[in-house]
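Chemist: Before I ask anything, let me first share the structure, which is written out below as structure tokens.
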Amino acid sequence: MSPRVVFPNKILPYLLVAPQLAITIVFFYWPASQALRQSMLKEDPFGLRSRFVWFDNFERVLTDPNYLNSVKVTVVFSVSTAFASMALALLLAVMADRVIRAKGFYRTMLIWPYAVAPAIAGMLWLFLFNPSIGSLAIGLRWLGIPWDPLLNGSNAMILVVAAAAWKQISYNFLFFVAGLQAIPKTLIEAAAIDGAGETKRFWTIIFPLLAPTTFFLLVINTTYAFFDTFGIIHAVTGGGPGKATETMVYKVYSDGALNQLLGASAAQSVILMVIVIGLTAVQFRYVERKVHYG
Amino acid sequence: MATVDLKDVRKVYAGNVEAVKGVSIDIADGALCVLVGPSGCGKSTLLRMVAGLETITGGTVSIDGKVVNEIGPAERDIAMVFQNYALYPHMKVYDNMAYGLRNRGTPKDEIDRRVREAAETLELAHLLDRRPRELSGGQRQRVAMGRAIVRKPKVFLFDEPLSNLDAKLRGQMRVEIKNLQRSLGVTSVYVTHDQLEAMTLADTLVVMNAGVVEQAGAPLDIYEKPASTFVASFIGAPPMNMIPAGGDGHPEALAGAQTLGFRPEDARISTPAGEGGLTLAAVVEAVEPVGAESFLYCAAEGQHLVVRVAGRSGANIGDKLTVTTPREKLHWFDKAGRRVSA
């Protein structure tokens with residue numbers, strides 16, 4: 001227990017947290033409560049009147065095959081993105097950890113992609129894999145692999161996952177490098193003396209000890225894939241072709257902002273909010289407890 | 001069972017830093033060899049070269065007569081106990097001890113038998129299901145020992161294994177390590193900076209300084225006949241008193257001797273020095289009673305001296321004393337700090 005510091009001033013502490021509180025209220029609680037209210041309203045086509053309809057919007061959304069499709073797309077997209085970006089970042093981190101000369105240079109270069117804005121990352125990948133002008137798409141065609149993200153839903157999904165994962169690799173890399181550095185060198189040496197080869201050392205010692213980092217990144221990456229990839233999807237596929245890359249967040253946007261289905265869009269937001277709260281709670285309650293060794 | 005032979009072993013790090021400058025040591029089968037020296041003297045580097053954790057720049061390391069320079073740590077058949085224990089934090093005590101055996105494909109029932117046997121020896125049997133963080137420092141130390149002994153290696157390597165323990169536990173573990181090593185009869189190399197640990201544990205004591213061996217031999221031989229001023233001041237606590245030779249009341253210096261040394265426990269107060277002994281007029285600067293003995297910190301001839309007296313001392317600060325040492329307890333060193341013998 002760290003000693004408790006007691007401030008004699010009764011008002012000052014509240015003043016100090018006030019700015020943060022104000023920001024949270026203005027940018028989270030207020031919109032969230034608006035969304036909650038909106039999700040139970042039904043507006044007429046001209047936006048002149050709205051009617052309180054209880055859970056009608058939710059009922060409609062949850063029985064809509066398009067919405068269920070977006071849930072499926074979101075799961076596939078998030079799991080793939082989180083897995084791809086974390087696996088690649090871990091691979092790079094382990095490699096970079098073994099570099100002896102110019103270690104800092106490698107690391108810096110590997111971290112740079114994080115500075116690229118999502119939409120720009122999306123554009124980058126869009127150009128690279130554009131079926132008619134993309135340099136990498138040409139390479140794929142040359143290899144005999146049919147590639148057309150504009151028409152083929154799976155191709156489009158691979159493309160957005162690649163762009164989203166690529167963008168996040170640097171961030172994950174940074175944490176994995178730090179995680180690797182935190183593992184005492186003597187543990188690796190002890191394992192080497194204990195007759196574990198390099199691969200075995202990785203899976204039996206290093207990987208389990210990275211679990212806290214991996215868990216943290218899992219939370220961050222899932223949240224990222226859920227919410228922060230709108231820009232990439234918007235720039236690369238716009239949710240298409242068909243609705244092959246329309247994630248839940250993207251659908252909130254297309255239903256609400258494009259199709260003006262305010263009630264349905266709000267209901268979807270609320271569902272998203274519940275999912276995130278649930279996801280985080282589950283992760284922290286059941287997973288985190290098992291990954292800290294102290 | 002194995003011998004360990006180091007022949008002119010050298011280690012040069014990048015940037016031409018020479019950490020070990022040609023060390024040769026022969027360790028007999030079953031012997032416990034202690035490398036002792038101040039930090040940065042190269043003792044840990046030497047141990048890590050025996051373990052295979054550091055490349056060897058020059059010379060050879062042989063285990064059981066076989067040169068192991070190019071052999072990895074796993075194939076050298078050694079076990080090491082680290083200063084921070086290096087227990088695998090995510091594994092239970094049982095798995096920590098079984099890990100090395102599993103990696104070598106030992107049959108399951110054999111692993112179980114050996115781990116339980118080692119746990120019995122080390123009084124860890126009731127802790128096998130715990131994780132390292134649930135153990136005290138002393139228990140962790142035992143697990144680290146257990147991990148080493150279940151493997152039944154040719155050689156044990158200890159890298160300052162007791163320095164993270166408190167003084168009382170350290171003394172207790174010291175005795176246990178010694179007994180265990182003796183009963184298992186495994187050749188061991190033990191690195192420490194603690195001269196007390198070194199003296200009490202060693203069959204062969206190797207005093208190192210700045211990458212070279214200053215002196216090697218039986219601990220008491222080294223204590224009685226330190227080969228240099230460095231060894232004289234490093235082995236023994238408090239360290240040996242050293243004063244320039246040739247002052248008033250000094251016996252005639254041996255040829256070439258420049259420094260005269262005597263141990264605090266060999267000094268007498270107000271007792272005639274006898275033929276060829278040393279007599280100094282000293283002033284008490286501080287008195288340190290530690291119960292069974294007292295240390296008198298004195299000044300004489302512009303030097304600071306320590307004199308050990310048994311039990312309580314009646315001396316007070318400022319008292320004038322005559323400090324004497326008989327001839328046979330005097331040590332002589334030349335200009336370079338090497339021992340000069342009669």
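Letters for chains follow the order of the structure tokens (A, B, ...), residue numbers begin at 1 for each chain, and ligand numbers begin at 1 in the order shown.
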So that each row is one residue of chain B with an atom at most 7 Å from chain A, can you give its shortest atom pair and the distance in Å to one decimal, using only C-alpha atoms, rows by chain and rising number, as CSV?
Modeler:
residue,atom,partner,partner_atom,distance
B:Pro73,CA,A:Ile193,CA,5.1
B:Ala74,CA,A:Gly195,CA,4.4
B:Ala79,CA,A:Ile193,CA,6.6
B:Ala86,CA,A:Leu187,CA,5.0
B:Leu87,CA,A:Leu187,CA,6.8
B:Tyr88,CA,A:Leu187,CA,6.7
B:Pro89,CA,A:Tyr293,CA,6.1
B:His90,CA,A:Tyr293,CA,6.0
B:Tyr99,CA,A:Asp194,CA,6.9
B:Gly100,CA,A:Asp194,CA,4.2
B:Asn103,CA,A:Gly195,CA,5.7
B:Arg104,CA,A:Gly195,CA,6.6
B:Arg133,CA,A:Gly294,CA,6.4
Chemist: Once DSSP has gone over the backbone, tell me which residues of range 136-324 of chain B are in strand (DSSP E or B), as a PyMOL selection string.
Modeler: chain B and resi 155-159+187-192+204-209+212-217+228+241-244+257-262+268-269+278-289+293-300+303-310+320-324
Chemist: Can you work out which one of B:Val81, B:Ala118, B:Ala125, B:Leu6 has the shortest atom-to-atom distance to Gln141 in chain B, counting only C-alpha atoms?
Modeler: B:Val81
Chemist: Could you name the residues that touch Val307 in chain B at 12 Å or less, counting only C-alpha atoms, but leaving out those on the same chain fewer than 4 positions away, as an MDAnalysis selection string?
Modeler: chainID B and resid 237:241 262:269 280 282:289 293:300 313 315 321:325
Chemist: Pull C-alpha atoms from the residues just selected and write them as a CSV table (one decimal), in the first residue's frame.
Modeler:
chain,number,residue,atom,x,y,z
B,237,ALA,CA,38.2,-8.8,7.2
B,238,PRO,CA,39.1,-6.2,8.3
B,239,PRO,CA,41.9,-6.1,5.7
B,240,MET,CA,45.6,-6.4,6.4
B,241,ASN,CA,47.3,-3.2,7.7
B,262,PHE,CA,50.3,-7.3,9.4
B,263,ARG,CA,46.8,-8.5,10.1
B,264,PRO,CA,44.6,-6.8,12.7
B,265,GLU,CA,44.3,-10.2,14.5
B,266,ASP,CA,48.1,-10.6,14.7
B,267,ALA,CA,48.7,-7.2,16.3
B,268,ARG,CA,49.2,-7.0,20.1
B,269,ILE,CA,48.8,-4.1,22.4
B,280,LEU,CA,54.5,1.2,16.6
B,282,ALA,CA,49.7,4.6,17.8
B,283,VAL,CA,46.7,6.8,18.8
B,284,VAL,CA,43.2,5.4,19.0
B,285,GLU,CA,40.8,7.1,16.6
B,286,ALA,CA,37.8,4.9,17.0
B,287,VAL,CA,36.6,1.9,18.9
B,288,GLU,CA,34.2,-0.6,17.4
B,289,PRO,CA,33.0,-3.3,19.9
B,293,GLU,CA,36.0,-8.9,19.7
B,294,SER,CA,36.6,-5.2,19.4
B,295,PHE,CA,38.4,-3.3,16.6
B,296,LEU,CA,40.6,-0.4,17.5
B,297,TYR,CA,41.1,2.1,14.6
B,298,CYS,CA,44.4,3.8,15.2
B,299,ALA,CA,46.7,6.2,13.5
B,300,ALA,CA,50.5,5.5,13.4
B,313,SER,CA,38.4,-3.1,25.0
B,315,ALA,CA,40.7,1.8,25.2
B,321,LEU,CA,49.0,2.7,22.6
B,322,THR,CA,52.0,0.6,21.6
B,323,VAL,CA,51.1,-1.8,18.8
B,324,THR,CA,53.4,-4.7,18.3
B,325,THR,CA,53.5,-7.7,15.9
Chemist: Would you kindly return, as a ChimeraX atom specification, each protein, DNA or RNA residue with an atom no farther than 10 Å from any atom of Met86 in chain A, considering only C-alpha atoms and excluding same-chain residues fewer than 2 positions away?
Modeler: /A:80-84,88-92,165-166,168-173,176,214,217-218,221
Chemist: Need the shell around Val9 in chain B: protein/DNA/RNA residues with any atom at most 10 Å away, counting only C-alpha atoms. Skip same-chain ones fewer than 6 positions apart. Format as a PyMOL selection string?
Modeler: chain B and resi 20-25+46+49-50+56-61+212
Chemist: Keeping only C-alpha atoms, take the residues you just selected and write them out as a PDB file, in the first residue's frame.
Modeler:
ATOM      1  CA  VAL B  20      40.071 -11.724 -18.913  1.00  0.00           C
ATOM      2  CA  LYS B  21      43.777 -11.685 -19.657  1.00  0.00           C
ATOM      3  CA  GLY B  22      45.008 -15.231 -19.834  1.00  0.00           C
ATOM      4  CA  VAL B  23      43.736 -17.309 -16.953  1.00  0.00           C
ATOM      5  CA  SER B  24      44.834 -20.883 -16.323  1.00  0.00           C
ATOM      6  CA  ILE B  25      43.151 -22.934 -13.611  1.00  0.00           C
ATOM      7  CA  LEU B  46      35.247 -16.397 -16.829  1.00  0.00           C
ATOM      8  CA  MET B  49      32.813 -18.702 -20.672  1.00  0.00           C
ATOM      9  CA  VAL B  50      32.875 -22.035 -18.860  1.00  0.00           C
ATOM     10  CA  ILE B  56      36.097 -17.500 -25.769  1.00  0.00           C
ATOM     11  CA  THR B  57      38.543 -15.104 -27.417  1.00  0.00           C
ATOM     12  CA  GLY B  58      41.664 -17.130 -26.724  1.00  0.00           C
ATOM     13  CA  GLY B  59      42.844 -20.229 -24.864  1.00  0.00           C
ATOM     14  CA  THR B  60      40.824 -23.347 -24.153  1.00  0.00           C
ATOM     15  CA  VAL B  61      38.193 -24.461 -21.684  1.00  0.00           C
ATOM     16  CA  VAL B 212      44.332 -11.948 -14.082  1.00  0.00           C
TER      17      VAL B 212
END
Chemist: So the first atom is CA of Gly231 in chain A and the second is CA of Val76 in chain A; what is the distance between them in Å, to one decimal place?
Modeler: 17.9 Å
Chemist: Could you go through range 163-252 of chain A and tell me which residues DSSP, when run on the backbone, assigns to alpha helix (DSSP H), listing them as a ChimeraX atom specification?
Modeler: /A:163-182,185-193,198-201,207-209,211-227,230-236,248-252
Chemist: Closest to Leu169 in chain B among B:Gly137, B:His193, B:Arg114, B:Gly311, using only C-alpha atoms?
Modeler: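 Checking each of B:Gly137, B:His193, B:Arg114, B:Gly311 against Leu169 in chain B, counting only C-alpha atoms, the winner is B:Gly137.
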Chemist: Write out as number ranges by chain each polymer residue whose atoms come within 12 Å of Ile275 in chain A, counting only C-alpha atoms; drop sequence neighbours fewer than 2 positions from it.
Modeler: A: 71, 74-75, 222-223, 226-227, 248-249, 268-273, 277-283
